[in-house]
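Chemist: What follows is run36.txt, compact mmCIF, C-alpha atoms and all ligand atoms.
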```
# COMPACT_ATOMS: atom_id res chain seq x y z
CA MET A 1 -21.70 -32.16 10.43
CA LYS A 2 -21.96 -28.37 10.36
CA LYS A 3 -22.22 -26.60 13.67
CA LYS A 4 -24.07 -23.35 14.23
CA VAL A 5 -23.01 -20.43 16.31
CA THR A 6 -25.18 -17.74 17.83
CA THR A 7 -24.86 -14.19 16.53
CA ASP A 8 -22.68 -12.08 18.83
CA TRP A 9 -21.21 -15.32 20.28
CA TRP A 10 -18.23 -13.33 21.60
CA ASN A 11 -20.23 -11.64 24.37
CA GLU A 12 -20.85 -14.86 26.29
CA PHE A 13 -17.72 -16.63 25.13
CA PHE A 14 -15.15 -14.07 26.21
CA ALA A 15 -16.75 -13.79 29.64
CA GLU A 16 -15.58 -17.40 30.17
CA PHE A 17 -12.35 -17.07 28.18
CA ARG A 18 -10.48 -15.18 30.93
CA PRO A 19 -8.46 -18.27 32.13
CA PHE A 20 -6.97 -18.63 28.64
CA PHE A 21 -4.87 -15.51 29.16
CA ALA A 22 -2.83 -17.57 31.66
CA LYS A 23 -1.87 -19.91 28.80
CA ILE A 24 0.53 -17.41 27.27
CA SER A 25 3.67 -17.26 29.36
CA ALA A 26 5.45 -13.99 30.20
CA LYS A 27 8.40 -15.34 28.18
CA VAL A 28 6.27 -15.66 25.02
CA THR A 29 4.63 -12.26 25.54
CA ASN A 30 8.02 -10.60 26.15
CA ALA A 31 9.44 -12.12 22.96
CA GLU A 32 6.41 -10.86 21.01
CA ILE A 33 6.80 -7.37 22.46
CA LYS A 34 10.49 -7.26 21.56
CA PHE A 35 9.61 -8.38 18.02
CA TYR A 36 6.88 -5.74 17.64
CA ILE A 37 9.13 -2.96 18.95
CA ASN A 38 11.83 -3.94 16.48
CA LYS A 39 9.63 -4.53 13.42
CA LEU A 40 7.38 -1.52 13.99
CA ASN A 41 10.26 0.69 15.01
CA LEU A 42 8.21 1.69 18.06
CA LYS A 43 9.51 4.74 19.84
CA LEU A 44 8.77 6.57 23.08
CA GLY A 45 5.79 8.91 22.66
CA GLN A 46 4.29 7.14 19.63
CA THR A 47 0.59 6.38 19.62
CA PHE A 48 -0.63 2.76 19.41
CA LEU A 49 -4.20 1.51 18.96
CA ASP A 50 -4.57 -2.01 20.38
CA CYS A 51 -7.84 -3.36 18.99
CA PRO A 52 -9.00 -5.50 20.69
CA ILE A 53 -6.89 -4.91 23.79
CA GLY A 54 -8.17 -7.71 26.07
CA ILE A 55 -6.67 -7.32 29.55
CA GLY A 56 -3.66 -5.41 28.24
CA ARG A 57 -1.33 -8.37 27.78
CA ILE A 58 0.68 -6.46 25.15
CA ALA A 59 -0.56 -2.93 25.91
CA ILE A 60 0.64 -2.67 29.52
CA PRO A 61 4.27 -3.61 28.78
CA LEU A 62 4.25 -1.19 25.81
CA ALA A 63 2.77 1.58 27.94
CA LYS A 64 5.56 0.97 30.47
CA LYS A 65 8.01 1.70 27.65
CA GLY A 66 6.39 5.10 27.04
CA ILE A 67 4.13 4.14 24.12
CA ILE A 68 0.80 6.00 24.31
CA ILE A 69 -1.88 3.34 24.20
CA THR A 70 -5.54 3.46 23.21
CA GLY A 71 -7.51 0.24 23.52
CA VAL A 72 -10.84 -1.06 22.28
CA ASP A 73 -12.65 -4.17 23.49
CA ILE A 74 -16.15 -5.61 23.63
CA MET A 75 -15.77 -7.16 27.09
CA PRO A 76 -16.61 -4.74 29.92
CA SER A 77 -15.02 -6.99 32.55
CA TYR A 78 -11.67 -6.97 30.68
CA LEU A 79 -11.78 -3.20 30.28
CA GLY A 80 -12.60 -2.82 34.00
CA GLU A 81 -9.71 -5.07 35.01
CA LEU A 82 -7.33 -3.23 32.70
CA ALA A 83 -8.46 0.22 33.85
CA GLU A 84 -7.78 -0.80 37.45
CA LYS A 85 -4.32 -2.14 36.58
CA SER A 86 -3.32 0.88 34.52
CA ASN A 87 -4.58 3.36 37.12
CA LYS A 88 -2.61 1.57 39.81
CA ALA A 89 0.55 1.67 37.67
CA LYS A 90 -0.20 5.30 36.65
CA LEU A 91 -0.20 4.35 32.96
CA PRO A 92 -2.40 6.66 30.88
CA ILE A 93 -4.25 4.06 28.75
CA LYS A 94 -7.43 5.30 27.04
CA LEU A 95 -10.11 2.63 26.76
CA PHE A 96 -13.22 2.33 24.60
CA HIS A 97 -15.99 -0.23 24.96
CA GLN A 98 -16.83 -0.93 21.35
CA ASP A 99 -17.30 -3.55 18.67
CA MET A 100 -14.18 -3.55 16.51
CA ARG A 101 -16.35 -3.11 13.39
CA LYS A 102 -17.65 0.18 14.73
CA ILE A 103 -14.54 2.14 15.67
CA VAL A 104 -14.46 5.65 14.22
CA PHE A 105 -10.81 6.73 14.55
CA GLU A 106 -9.39 8.57 11.55
CA ASN A 107 -5.69 9.29 10.80
CA GLU A 108 -4.94 9.14 14.54
CA PHE A 109 -2.34 6.50 15.34
CA ASP A 110 1.29 5.84 14.47
CA VAL A 111 0.73 2.12 14.92
CA VAL A 112 -2.34 -0.15 15.01
CA GLY A 113 -2.31 -3.76 16.24
CA ASN A 114 -4.79 -6.62 16.09
CA LEU A 115 -3.14 -9.37 18.12
CA TRP A 116 -3.59 -13.00 19.22
CA THR A 117 -6.17 -14.23 16.72
CA SER A 118 -8.56 -11.37 17.30
CA PHE A 119 -9.66 -11.56 13.68
CA GLY A 120 -12.18 -13.62 11.69
CA TYR A 121 -14.87 -13.50 14.39
CA PHE A 122 -17.69 -12.56 12.01
CA GLU A 123 -19.70 -14.96 9.88
CA LYS A 124 -19.93 -12.45 7.05
CA ASP A 125 -16.57 -12.10 5.28
CA ALA A 126 -17.54 -8.49 4.56
CA ASP A 127 -17.54 -7.80 8.32
CA ASN A 128 -14.03 -9.22 8.71
CA LEU A 129 -12.88 -7.02 5.84
CA LEU A 130 -14.65 -4.09 7.47
CA VAL A 131 -12.45 -4.53 10.57
CA LEU A 132 -9.33 -4.16 8.40
CA LYS A 133 -10.83 -1.08 6.74
CA LYS A 134 -11.54 0.51 10.13
CA LEU A 135 -8.05 -0.27 11.44
CA TYR A 136 -6.53 1.18 8.27
CA LYS A 137 -8.59 4.33 8.64
CA ALA A 138 -7.43 4.71 12.26
CA LEU A 139 -3.78 4.91 11.13
CA LYS A 140 -2.00 8.15 10.27
CA PRO A 141 -0.66 8.27 6.70
CA GLY A 142 2.68 6.44 6.84
CA GLY A 143 1.51 4.52 9.94
CA LYS A 144 2.31 0.87 10.63
CA PHE A 145 -0.01 -2.10 11.13
CA VAL A 146 0.49 -5.52 12.69
CA ILE A 147 -1.89 -8.47 12.81
CA GLN A 148 -0.96 -11.69 14.60
CA LEU A 149 -3.16 -14.75 14.24
CA ILE A 150 -3.37 -18.49 13.82
CA ASN A 151 -2.34 -19.82 10.42
CA ARG A 152 -5.03 -21.75 8.52
CA ASP A 153 -2.42 -23.81 6.69
CA TRP A 154 -1.00 -25.04 10.02
CA ILE A 155 -4.54 -25.89 11.15
CA MET A 156 -5.06 -27.97 8.00
CA LYS A 157 -1.96 -29.99 8.80
CA ASN A 158 -2.59 -30.35 12.52
CA PHE A 159 -6.38 -30.36 12.87
CA VAL A 160 -7.61 -32.02 16.06
CA SER A 161 -11.36 -32.45 16.54
CA ASN A 162 -11.37 -32.93 20.31
CA ASN A 163 -9.04 -32.08 23.14
CA TRP A 164 -9.08 -31.00 26.73
CA GLU A 165 -6.77 -29.09 29.04
CA GLU A 166 -6.74 -27.50 32.46
CA VAL A 167 -5.92 -23.80 32.69
CA ALA A 168 -5.84 -21.83 35.94
CA GLY A 169 -8.03 -24.43 37.70
CA VAL A 170 -10.61 -24.60 34.89
CA LYS A 171 -11.03 -27.79 32.83
CA ILE A 172 -11.66 -26.87 29.21
CA LEU A 173 -12.99 -29.40 26.68
CA GLU A 174 -13.01 -28.38 23.02
CA SER A 175 -14.84 -30.03 20.15
CA ARG A 176 -14.15 -28.53 16.71
CA VAL A 177 -15.72 -28.79 13.28
CA PHE A 178 -14.03 -27.28 10.27
CA ASN A 179 -16.32 -26.08 7.49
CA TYR A 180 -14.50 -26.27 4.15
CA GLU A 181 -17.25 -24.29 2.38
CA ASN A 182 -16.23 -21.08 4.09
CA SER A 183 -12.96 -21.94 5.90
CA SER A 184 -14.44 -21.50 9.36
CA CYS A 185 -13.91 -23.44 12.54
CA VAL A 186 -16.80 -23.73 14.96
CA THR A 187 -15.73 -24.92 18.40
CA ASP A 188 -17.89 -26.07 21.29
CA TYR A 189 -16.21 -25.40 24.62
CA ALA A 190 -17.15 -26.89 27.97
CA PHE A 191 -15.67 -24.88 30.83
CA ILE A 192 -15.78 -26.91 34.05
CA LYS A 193 -14.98 -25.29 37.37
CA ASP A 194 -15.85 -26.55 40.87
CA GLY A 195 -18.09 -29.22 39.32
CA GLU A 196 -20.10 -26.68 37.32
CA GLU A 197 -20.13 -26.81 33.55
CA LYS A 198 -20.75 -23.99 31.10
CA THR A 199 -20.96 -24.72 27.36
CA LEU A 200 -20.22 -22.08 24.75
CA THR A 201 -19.45 -21.95 21.06
CA SER A 202 -16.97 -19.85 19.08
CA TYR A 203 -16.72 -19.10 15.36
CA ILE A 204 -13.45 -18.25 13.66
CA ARG A 205 -13.05 -17.69 9.95
CA MET A 206 -9.59 -19.10 9.31
CA TYR A 207 -7.29 -17.26 6.91
CA SER A 208 -4.21 -18.32 4.99
CA TYR A 209 -1.44 -15.79 4.47
CA HIS A 210 -2.17 -15.26 0.75
CA GLU A 211 -5.82 -14.51 1.47
CA LEU A 212 -5.04 -11.99 4.21
CA LYS A 213 -2.43 -10.41 2.00
CA GLN A 214 -5.05 -9.87 -0.70
CA MET A 215 -7.46 -8.36 1.83
CA LEU A 216 -4.79 -6.00 3.15
CA GLU A 217 -4.03 -4.91 -0.42
CA ILE A 218 -7.73 -4.31 -1.15
CA VAL A 219 -7.92 -2.08 1.92
CA GLY A 220 -4.90 -0.05 0.73
CA PHE A 221 -1.96 -1.37 2.75
CA VAL A 222 1.50 -1.55 1.18
CA ASN A 223 4.84 -3.20 2.13
CA ILE A 224 3.06 -6.32 3.42
CA ASP A 225 5.49 -8.67 5.09
CA GLY A 226 4.71 -11.88 6.99
CA TYR A 227 6.59 -14.12 9.45
CA GLY A 228 5.77 -17.49 10.97
CA SER A 229 7.45 -16.73 14.30
CA VAL A 230 9.21 -14.01 16.27
CA THR A 231 12.49 -15.45 15.00
CA GLU A 232 11.39 -14.55 11.46
CA GLU A 233 10.74 -18.06 10.19
CA PRO A 234 8.63 -18.09 7.02
CA ILE A 235 4.87 -18.55 7.07
CA ASN A 236 4.19 -22.14 6.04
CA ARG A 237 2.22 -25.16 7.24
CA ASN A 238 4.79 -25.87 9.97
CA ASN A 239 4.32 -22.57 11.78
CA ARG A 240 1.19 -22.11 13.88
CA GLU A 241 1.31 -18.33 13.99
CA MET A 242 1.38 -15.54 11.45
CA PHE A 243 2.81 -12.11 12.23
CA ILE A 244 1.91 -9.79 9.35
CA PHE A 245 3.17 -6.23 9.08
CA ALA A 246 1.98 -3.58 6.62
CA ASP A 247 2.13 0.18 6.09
CA LYS A 248 -0.48 2.79 5.25
CA PRO A 249 0.99 4.88 2.42
CA MET A 250 1.93 8.53 3.11
C1 LIG A 301 -7.88 -13.67 22.07
S1 LIG A 301 -8.28 -12.17 22.86
C2 LIG A 301 -6.87 -11.16 22.45
C3 LIG A 301 -6.73 -9.94 23.30
C4 LIG A 301 -5.44 -9.12 23.08
N1 LIG A 301 -5.34 -8.64 21.72
C5 LIG A 301 -4.20 -9.92 23.43
O1 LIG A 301 -3.32 -10.12 22.57
O2 LIG A 301 -4.09 -10.34 24.60
C6 LIG A 301 -9.57 -11.53 21.84
C7 LIG A 301 -10.22 -10.28 22.34
O3 LIG A 301 -11.21 -9.83 21.40
C8 LIG A 301 -12.27 -9.23 22.12
N2 LIG A 301 -13.46 -9.19 21.23
C9 LIG A 301 -14.20 -10.24 20.83
N3 LIG A 301 -15.15 -9.84 19.98
C10 LIG A 301 -14.99 -8.50 19.82
C11 LIG A 301 -15.67 -7.52 19.04
N4 LIG A 301 -16.68 -7.86 18.27
N5 LIG A 301 -15.23 -6.25 19.10
C12 LIG A 301 -14.19 -5.91 19.90
N6 LIG A 301 -13.52 -6.80 20.67
C13 LIG A 301 -13.90 -8.09 20.62
C14 LIG A 301 -12.41 -10.12 23.34
O4 LIG A 301 -13.13 -9.53 24.37
C15 LIG A 301 -10.94 -10.40 23.67
O5 LIG A 301 -10.44 -9.45 24.55
```
Could you express the structure from this file as structure tokens?
Ligand SMILES: C[S@@+](CC[C@H](N)C(=O)[O-])C[C@H]1O[C@@H](n2cnc3c(N)ncnc32)[C@H](O)[C@@H]1O

Modeler:
Amino acid sequence: MKKKVTTDWWNEFFAEFRPFFAKISAKVTNAEIKFYINKLNLKLGQTFLDCPIGIGRIAIPLAKKGIIITGVDIMPSYLGELAEKSNKAKLPIKLFHQDMRKIVFENEFDVVGNLWTSFGYFEKDADNLLVLKKLYKALKPGGKFVIQLINRDWIMKNFVSNNWEEVAGVKILESRVFNYENSSCVTDYAFIKDGEEKTLTSYIRMYSYHELKQMLEIVGFVNIDGYGSVTEEPINRNNREMFIFADKPM
């Protein structure tokens, strides 16, 4: 059975997604940040575009280390929450409310990141490629790129059609269908809180490492290097995550 998703599904979906941020522990986030700093050779005063930035999970700790952050996101409530947090902490984070396909930065940033499976949201493959093109364009010549996302090959080994969990007081039921014609996963979510249920659907085009590598090459990236974990395991079907680094040539 093929499931359908509404166009612009992310607008409604991410409004309900907020409890999911509590799923990633500070320990995991700190290990990721350490890994990014090391692999990207991030230094005080460098500029970093976090697209999409969410609620600043990675951006706030980087800003605290003196990295100059710019963030883009589609969700006004996340941007509002982040603006409040960064103002309070006196962290100068610049925020833009924008679709990631429409960013217009050119040769601006030392580093660009697309983190925590923030990729593959568009039903047209050309739109997903467009995101990579825009992120590439935003980098200065010689700049560094990182994308971190779920690994399709792990999904193939571990696919589960239905599951449920409770996160931050919200019961979340997920029902997934994988479409082999276009390597997408359409998931129906039921978010249940205080006896009220809200049902939403997400669409993610799933990518294997070799496919992403090809796309990055098409866009112009060089020195593409991928890891299956922050401890530099290889990308294979046993590792859920992919951390892929690449450079924009000088
Ligand atoms: C899984 S979260 C990751 C957030 C952040 N990168 C992190 O690591 O915590 C995905 C983010 O993508 C944003 N998003 C979804 N669709 C978008 C779009 N079309 N353009 C820009 N941002 C989008 C959501 O609002 C959400 O903040």

Chemist: Name the residues, by chain letter and number, that sit within 7 Å of ligand LIG 301 (chain A) using all atoms listed in the file, and give them as an MDAnalysis selection string.

Modeler: chainID A and resid 10:11 14 21 50:58 72:75 78 98:101 114:118 121

Chemist: Enter the distance from atom CA of Phe35 of chain A to atom CA of Val112 of chain A, in Å, rounded to one decimal.

Modeler: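 Computed distance, atom CA of Phe35 of chain A to atom CA of Val112 of chain A, equals 14.8 Å.
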
Chemist: At what distance in Å, to one decimal, does atom CA of Ser208 of chain A lie from atom CA of Tyr180 of chain A?

Modeler: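 These atoms are spaced 13.0 Å apart.
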
Chemist: If you take every atom of segment 42-52 of chain A that the file lists and fit an axis-aligned box around them with 4 Å extra on each side, what centre and edge lengths come out in Å to one decimal, as AutoDock Vina command-line options?

Modeler:
```
--center_x 0.3 --center_y 1.7 --center_z 20.6 --size_x 26.5 --size_y 22.4 --size_z 13.0
```

Chemist: Could you work out how far atom CA of Thr70 of chain A lies from atom CA of Leu139 of chain A, giving the answer in Å with one decimal?

Modeler: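 Taking atom CA of Leu139 of chain A and atom CA of Thr70 of chain A, their separation equals 12.3 Å.
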
Chemist: Calculated over all atoms listed in the file, which of the candidates A:Met156, A:Ile172, A:Glu12, A:Ile244 has the smallest distance to Ser77 of chain A?

Modeler: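 With all atoms listed in the file as the atom set, the closest residue is A:Glu12.
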
Chemist: Excluding Trp154 of chain A and any residue of its chain fewer than 2 positions from it, enumerate the residues within 6 Å of it, using only C-alpha atoms, and give them as number ranges by chain.

Modeler: A: 151-152, 156-157, 237-238, 240

Chemist: Export C-alpha atoms of the chosen residues as a PDB file, in the frame of the given file?

Modeler:
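Output contents, as saved in selection-v2.pdb:
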```pdb
ATOM      1  CA  ASN A 151      -2.340 -19.820  10.420  1.00  0.00           C
ATOM      2  CA  ARG A 152      -5.030 -21.750   8.520  1.00  0.00           C
ATOM      3  CA  MET A 156      -5.060 -27.970   8.000  1.00  0.00           C
ATOM      4  CA  LYS A 157      -1.960 -29.990   8.800  1.00  0.00           C
ATOM      5  CA  ARG A 237       2.220 -25.160   7.240  1.00  0.00           C
ATOM      6  CA  ASN A 238       4.790 -25.870   9.970  1.00  0.00           C
ATOM      7  CA  ARG A 240       1.190 -22.110  13.880  1.00  0.00           C
TER       8      ARG A 240
END
```

Chemist: Using all atoms listed in the file, determine which residues lie at most 6 Å from Phe48 of chain A, disregarding the query and same-chain residues fewer than 2 positions distant; provide the list as number ranges by chain.

Modeler: A: 69, 109, 111-112

Chemist: Limited to C-alpha atoms, could you put the picked residues into a file as a JSON list (two decimals), in the frame of the given file?

Modeler:
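Result file follows (part-v1.json):
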```json
[["chain", "number", "residue", "atom", "x", "y", "z"],
["A", 69, "ILE", "CA", -1.88, 3.34, 24.20],
["A", 109, "PHE", "CA", -2.34, 6.50, 15.34],
["A", 111, "VAL", "CA", 0.73, 2.12, 14.92],
["A", 112, "VAL", "CA", -2.34, -0.15, 15.01]]
```

Chemist: Take the point (-1.8, 4.6, 14.0) in the file's coordinates, draw a sphere of radius 12 Å around it, and report as a ChimeraX atom specification every protein, DNA or RNA residue with an atom inside or on it, counting all atoms listed in the file.

Modeler: /A:40,42,46-51,67-71,105-114,134-146,246-249

Chemist: Identify which of the residues A:Asp127, A:Glu166, A:Glu32, A:Glu81 lies closest to Pro19 of chain A, counting only C-alpha atoms when measuring atom-to-atom distances.

Modeler: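 Using only C-alpha atoms, Pro19 of chain A sits closest to A:Glu166.
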
Chemist: For segment 187-198 of chain A, find every residue with an atom within 8 Å (counting all atoms listed in the file), except residues of its own chain fewer than 3 positions away, and show them as a PyMOL selection string.

Modeler: chain A and resi 16+169-177+201-203
